[in-house]
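K.L.:
Below is one structure. I have some questions about it.
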Amino acid sequence: MMVNAMRWTALLLVPALAGAAEIGGTNVQTIYIMPMPHGLDQYIANQFTREHVLEVIADPAHADAILTDRLGTALEDKLEQLHPTPKPDQPRAADKTAKDSDKSDKDSSDTANKPSAPKIVTEAEPPHTSTFGASKGTLFLVDARSRVILWSLYEKPTSSNPRSLDGAAKRVVTRLKQDLAGK
């Protein structure tokens, strides 16, 4: 009877203990996995779910962390869309309109006798996509809000066949699990 009670207690505690993980000083409960070559993201999501290491979610806006194989402007732009960097407080609207009207009065008297300067229109430069870490086997766990890299690992699949991808995914999740247990 006592053994059964202990088993039930253990079964009830496992999900509670697996619910959150402290990585790099932050409490990570949910993870979004960015698309990866050959569908590696799907294999990793499967392993995370099976091992109950972290909760994998489909909406990156609600994730505590993002697992990706790429760093650079593409990732930065995605994180900025999901969690915009707070802007400094704007001056009050009344103060701004007062300053603008004073400035326009000065500008109209100054520019009455001067020819207007030509406007130079430039096209926006397309964002540079970094290949740092792209498809090379390095994975990064990035805090979605602070953009800090919390954890990384080099684990390159030996090939693009399903068995190799699944094996690499198992090693990734096992290593993260071990690193979490060691802290």
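Please note that chains go A, B, ... in the order of the structure tokens, that every chain numbers its residues from 1, and that ligands are numbered from 1 in the order shown.
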Would you kindly return, as a list of chain:residue names, each protein, DNA or RNA residue with an atom no farther than 10 Å from any atom of Arg145 in chain A, considering only C-alpha atoms and excluding same-chain residues fewer than 4 positions away?

P.N.:
A:Ala61, A:Ala63, A:Asp64, A:Ala65, A:Ile66, A:Leu79, A:Glu80, A:Leu82, A:His83, A:Pro84, A:Thr85

K.L.:
Would you save the residues from that selection as a PDB file, in the first residue's frame, using C-alpha atoms?

P.N.:
```pdb
ATOM      1  CA  ALA A  61       5.138  35.182 -29.494  1.00  0.00           C
ATOM      2  CA  ALA A  63       7.679  31.372 -26.053  1.00  0.00           C
ATOM      3  CA  ASP A  64      10.167  32.033 -23.281  1.00  0.00           C
ATOM      4  CA  ALA A  65      13.029  30.867 -25.496  1.00  0.00           C
ATOM      5  CA  ILE A  66      13.698  30.081 -29.140  1.00  0.00           C
ATOM      6  CA  LEU A  79      12.620  38.685 -32.228  1.00  0.00           C
ATOM      7  CA  GLU A  80      11.943  42.407 -32.695  1.00  0.00           C
ATOM      8  CA  LEU A  82       7.649  39.252 -31.477  1.00  0.00           C
ATOM      9  CA  HIS A  83       8.943  41.352 -28.580  1.00  0.00           C
ATOM     10  CA  PRO A  84       9.701  44.958 -29.630  1.00  0.00           C
ATOM     11  CA  THR A  85      12.465  46.757 -27.778  1.00  0.00           C
TER      12      THR A  85
END
```

K.L.:
Pick the closest to Arg70 in chain A from A:Ala169, A:Leu153, A:Met34, A:Leu180: which is it, counting only C-alpha atoms?

P.N.:
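Counting only C-alpha atoms, the residue closest to Arg70 in chain A is A:Met34.
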
K.L.:
For each of A:Pro60, A:Gly39, A:Gly167, A:Pro88, take the minimum atom-to-atom distance to Leu75 in chain A, counting only C-alpha atoms, then give the residue where this is smallest.

P.N.:
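Using only C-alpha atoms, the shortest distance to Leu75 in chain A belongs to A:Pro60.
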
K.L.:
Measuring atom to atom with only C-alpha atoms, identify which of A:Thr138, A:Thr73, A:Gln81, A:Thr30 is nearest to Trp151 in chain A.

P.N.:
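Nearest candidate to Trp151 in chain A out of A:Thr138, A:Thr73, A:Gln81, A:Thr30: A:Thr138.
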
K.L.:
May I have the residues within 10 Å of Asp41 in chain A as a PyMOL selection string, using only C-alpha atoms and disregarding those fewer than 2 positions away in the same chain?

P.N.:
chain A and resi 32-39+43-47+67-69+165+169

K.L.:
So the first atom is CA of Thr174 in chain A and the second is CA of Ala144 in chain A; what is the distance between them in Å, to one decimal place?

P.N.:
22.2 Å

K.L.:
Hey, which of A:Thr158, A:Arg50, A:Arg147, A:Leu139 ends up closest to Lys78 in chain A? Count only C-alpha atoms.

P.N.:
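Closest to Lys78 in chain A, using only C-alpha atoms: A:Arg147.
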
K.L.:
For Asp179 in chain A, which residue out of A:Ser152, A:Lys87, A:Pro157, A:Thr49 is the nearest one, using only C-alpha atoms?

P.N.:
A:Ser152
